[in-house]
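*Asks:* Below you will find the structure I want to go over with you.
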Amino acid sequence: MAKNTVSTALACGLTLSLVGCVTTAPPVITTNNYNVDSKTYQATGKSERIKTIVLHYTVSDNERSIKTLTTGNVSAHYLILDKDDNKIYNLVPESERAWHAGDGGFSGRTILNDTSIGIEIVNSGIKPEYRDALKNGTLDYRPYHHYVEFDELQIKKVAQLVQDIAARYDISPKNIIGHADMAPSRKIDPGAKFPWKRLYVDYGIGAWYDEFDKQFLLNQEAFESATIPEIKQAFRQYGYQINDTDTWDEASRDVVYAFQLHFRPQQPTGNMDSETYAILQALNQKYAGKDDFY
Ligand SMILES: [Zn+2]
């Protein structure tokens with residue numbers, strides 16, 4: 001490289017008087033755009049790369065969570081311990097990808113590690129006394145009381161952090177989701193005890209339906225006449241990935257369960273019912289079609 005520069009400079013010197021000099025300096029990258037008709041033009045077709053916030057629980061204690069998320073093939077941008085240390089741990093810079101989401105998708109986007117911020121919360125998930133039930137295959141979908149409560153301090157930290165990230169990247173409320181929402185057949189975190197409604201009501205975080213709309217839709221009894229493909233289309237409209245079979249097969253019920261964990265956490269059953277459908281329709285009325293898909 002240095003050799004080329006010298007020889008080019010020499011050639012330039014020798015030929016200067018005859019044909020002028022070809023500049024050897026590398027081009028400068030500029031954000032002052034080219035002037036056209038005495039006006040400068042700046043691109044307006046642009047948006048933030050970060051579109052989604054994905055919340056998780058770690059299913060392990062503070063020390064193991066730190067080790068797992070810093071030494072292996074999994075990580076998250078942020079970690080919230082269940083310890084009163086007044087800290088939120090930033091493990092991966094927001095400008096880099098953390099490996100937290102895996103396969104799945106939401107709101108028409110897949111490979112969510114590319115476009116999301118991942119937040120891990122230290123929490124055990126399922127209470128120890130109920131863990132064997134899943135291993136033995138005797139219980140497909142966990143009820144509310146099987147999940148471990150979150151610490152109040154953790155919720156406050158999550159609220160502060162999510163508010164800040166959502167504002168900086170202008171994230172659509174419905175794209176603040178749980179891991180289960182984007183990977184319903186693989187994941188159930190952050191589980192039924194994660195207080196989505198409280199975050200919406202107390203902090204203005206994420207999406208929630210209006211109770212009046214839900215009741216109105218419930219009274220219309222749309223569920224009774226809706227076909228399975230119609231109901232699945234409503235899930236798709238909101239952002240969930242769901243197959244197009246016309247049965248409630250296991251993968252489809254996993255989606256129903258993930259939705260209920262988020263929006264009807266006291267009764268997550270995996271069974272489609274009239275209240276679940278009314279909530280889904282109320283959410284679609286309020287939020288669907290308000291994404292940036294570019
Ligand atoms: Zn997770």
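Here, A, B, ... name the chains of the structure tokens in the order displayed, residue numbers run from 1 inside each chain, and ligands are numbered from 1 in the same displayed order.
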Identify, on the basis of only C-alpha atoms, every residue whose closest approach to Ala258 of chain A does not exceed 7 Å; exclude the query and any residue fewer than 2 positions from it along the same chain; express the result as a PyMOL selection string.
*Replies:* chain A and resi 180-181+184+188+254-256+260-262
*Asks:* So that I have them on file, write out the residues from the current selection with C-alpha atoms, as an mmCIF file, in the first residue's frame.
*Replies:*
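To be explicit, this is the file written out as again-v2.cif:
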```cif
data_model
loop_
_atom_site.group_PDB
_atom_site.id
_atom_site.type_symbol
_atom_site.label_atom_id
_atom_site.label_comp_id
_atom_site.auth_asym_id
_atom_site.auth_seq_id
_atom_site.Cartn_x
_atom_site.Cartn_y
_atom_site.Cartn_z
ATOM 1 C CA ALA A 180 -43.250 -17.008 24.297
ATOM 2 C CA ASP A 181 -45.019 -14.567 21.954
ATOM 3 C CA PRO A 184 -44.737 -20.237 21.325
ATOM 4 C CA ILE A 188 -43.204 -19.915 27.895
ATOM 5 C CA ASP A 254 -49.134 -23.278 21.779
ATOM 6 C CA VAL A 255 -49.889 -19.909 20.151
ATOM 7 C CA VAL A 256 -53.189 -19.643 22.043
ATOM 8 C CA GLN A 260 -53.186 -16.098 27.072
ATOM 9 C CA LEU A 261 -49.983 -15.941 29.156
ATOM 10 C CA HIS A 262 -49.637 -12.369 27.938
#
```
*Asks:* Residues of segment 237-292 of chain A that approach segment 206-227 of chain A to 6 Å or less, counting only C-alpha atoms: could you list each one with the shortest pair of atoms and its distance in Å to one decimal, rows by chain and increasing residue number, as CSV?
*Replies:*
```
residue,atom,partner,partner_atom,distance
A:Ser274,CA,A:Phe223,CA,5.2
A:Ala278,CA,A:Lys214,CA,5.3
A:Ile279,CA,A:Lys214,CA,5.5
A:Ala282,CA,A:Lys214,CA,5.5
A:Leu283,CA,A:Tyr209,CA,5.1
```
*Asks:* Take the residues from that selection and put them in a file with N, CA and C atoms, as a PDB file, in the first residue's frame.
*Replies:*
```pdb
ATOM      1  N   SER A 274     -64.262 -17.946  23.825  1.00  0.00           N
ATOM      2  CA  SER A 274     -64.872 -16.680  23.401  1.00  0.00           C
ATOM      3  C   SER A 274     -64.168 -15.465  23.996  1.00  0.00           C
ATOM      4  N   ALA A 278     -62.357 -12.420  21.966  1.00  0.00           N
ATOM      5  CA  ALA A 278     -62.778 -11.019  22.153  1.00  0.00           C
ATOM      6  C   ALA A 278     -61.567 -10.138  22.481  1.00  0.00           C
ATOM      7  N   ILE A 279     -60.647 -10.642  23.299  1.00  0.00           N
ATOM      8  CA  ILE A 279     -59.438  -9.877  23.636  1.00  0.00           C
ATOM      9  C   ILE A 279     -58.592  -9.654  22.374  1.00  0.00           C
ATOM     10  N   ALA A 282     -60.218  -7.112  20.187  1.00  0.00           N
ATOM     11  CA  ALA A 282     -60.089  -5.772  20.774  1.00  0.00           C
ATOM     12  C   ALA A 282     -58.673  -5.225  20.543  1.00  0.00           C
ATOM     13  N   LEU A 283     -57.686  -6.105  20.666  1.00  0.00           N
ATOM     14  CA  LEU A 283     -56.297  -5.679  20.414  1.00  0.00           C
ATOM     15  C   LEU A 283     -56.111  -5.294  18.953  1.00  0.00           C
TER      16      LEU A 283
END
```
*Asks:* Using only C-alpha atoms and all ligand atoms, which residue out of A:Glu129, A:Glu230, A:Asp140, A:Asp189 lies closest to ligand 1?
*Replies:*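 Among the listed residues, A:Asp189 lies closest to ligand 1.
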*Asks:* Please list as a ChimeraX atom specification every residue within 7 Å of Ala159 of chain A, counting only C-alpha atoms and excluding residues in the same chain fewer than 3 positions away.
*Replies:* /A:155-156,162-163,199,203
*Asks:* For Gly204 of chain A, list every protein, DNA or RNA residue within 12 Å, evaluated using only C-alpha atoms, and leave out those in the same chain fewer than 6 positions away; present the list as a list in words.
*Replies:*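 Result of the neighbour search: Ala159, Gln160, Val162, Gln163, Asp164, Ala166, Ala167, Ser172, Pro173, Lys174, Ile176, Trp196, Lys197 and Arg198 of chain A.
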*Asks:* Please identify every polymer residue within 10 Å of ligand 1, using only C-alpha atoms and all ligand atoms, and present the set as a list in words.
*Replies:*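 These are the residues that qualify: Val54, Leu55, His56, Tyr57, Thr58, Val59, Val74, Ala76, His100, Ala101, Gly102, Gly118, Ile119, Glu120, Ile121, Gly178, His179, Ala180, Met182, Ala183, Arg186, Lys187, Ile188, Asp189, Pro190 and Gly191 of chain A.
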*Asks:* One decimal, in Å: what's the spacing between atom CA of Thr30 of chain A and atom CA of Lys51 of chain A?
*Replies:*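 We find that atom CA of Thr30 of chain A and atom CA of Lys51 of chain A lie 27.1 Å from each other.
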*Asks:* Run DSSP on the backbone and grab whatever in segment 91-268 of chain A lands in helix (DSSP H, G or I); send it over as an NGL selection string.
*Replies:* :A and (112-114 or 128-135 or 144-146 or 152-169 or 173-175 or 179-182 or 196-203 or 211-219 or 222-225 or 228-238 or 250-263)
*Asks:* With only C-alpha atoms as the atoms that count, which of A:Lys193, A:Lys157, A:His77, A:Arg97 lies nearest to Ile126 of chain A?
*Replies:*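 Ranking A:Lys193, A:Lys157, A:His77, A:Arg97 by distance to Ile126 of chain A, first place goes to A:Lys193.
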*Asks:* Excluding Val122 of chain A and its own-chain neighbours fewer than 6 positions away, which residues fall within 8 Å of it when counting only C-alpha atoms? Please give them as number ranges by chain.
*Replies:* A: 57-62, 65, 79-82
*Asks:* Could those selected residues go to a file with N, CA and C atoms, as a PDB file, in the first residue's frame?
*Replies:*
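Output saved as again19.pdb:
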```
ATOM      1  N   TYR A  57     -37.399 -14.699  31.245  1.00  0.00           N
ATOM      2  CA  TYR A  57     -36.882 -15.026  32.586  1.00  0.00           C
ATOM      3  C   TYR A  57     -35.787 -16.070  32.451  1.00  0.00           C
ATOM      4  N   THR A  58     -34.895 -16.125  33.445  1.00  0.00           N
ATOM      5  CA  THR A  58     -33.670 -16.916  33.282  1.00  0.00           C
ATOM      6  C   THR A  58     -33.790 -18.363  33.746  1.00  0.00           C
ATOM      7  N   VAL A  59     -34.776 -18.682  34.613  1.00  0.00           N
ATOM      8  CA  VAL A  59     -34.874 -20.005  35.257  1.00  0.00           C
ATOM      9  C   VAL A  59     -33.582 -20.371  35.977  1.00  0.00           C
ATOM     10  N   SER A  60     -32.922 -19.388  36.559  1.00  0.00           N
ATOM     11  CA  SER A  60     -31.800 -19.713  37.435  1.00  0.00           C
ATOM     12  C   SER A  60     -31.505 -18.513  38.333  1.00  0.00           C
ATOM     13  N   ASP A  61     -30.598 -18.706  39.280  1.00  0.00           N
ATOM     14  CA  ASP A  61     -30.342 -17.646  40.263  1.00  0.00           C
ATOM     15  C   ASP A  61     -29.380 -16.594  39.699  1.00  0.00           C
ATOM     16  N   ASN A  62     -29.049 -15.607  40.523  1.00  0.00           N
ATOM     17  CA  ASN A  62     -28.231 -14.485  40.037  1.00  0.00           C
ATOM     18  C   ASN A  62     -26.883 -14.936  39.476  1.00  0.00           C
ATOM     19  N   SER A  65     -27.140 -17.094  36.350  1.00  0.00           N
ATOM     20  CA  SER A  65     -27.618 -16.290  35.213  1.00  0.00           C
ATOM     21  C   SER A  65     -26.478 -15.471  34.623  1.00  0.00           C
ATOM     22  N   LEU A  79     -29.582  -7.554  31.897  1.00  0.00           N
ATOM     23  CA  LEU A  79     -29.932  -8.552  32.913  1.00  0.00           C
ATOM     24  C   LEU A  79     -30.407  -7.825  34.165  1.00  0.00           C
ATOM     25  N   ILE A  80     -31.511  -8.305  34.704  1.00  0.00           N
ATOM     26  CA  ILE A  80     -32.053  -7.734  35.938  1.00  0.00           C
ATOM     27  C   ILE A  80     -32.048  -8.820  37.005  1.00  0.00           C
ATOM     28  N   LEU A  81     -31.237  -8.625  38.020  1.00  0.00           N
ATOM     29  CA  LEU A  81     -31.103  -9.620  39.088  1.00  0.00           C
ATOM     30  C   LEU A  81     -32.283  -9.500  40.057  1.00  0.00           C
ATOM     31  N   ASP A  82     -32.429 -10.514  40.937  1.00  0.00           N
ATOM     32  CA  ASP A  82     -33.477 -10.379  41.965  1.00  0.00           C
ATOM     33  C   ASP A  82     -32.805  -9.962  43.277  1.00  0.00           C
TER      34      ASP A  82
END
```
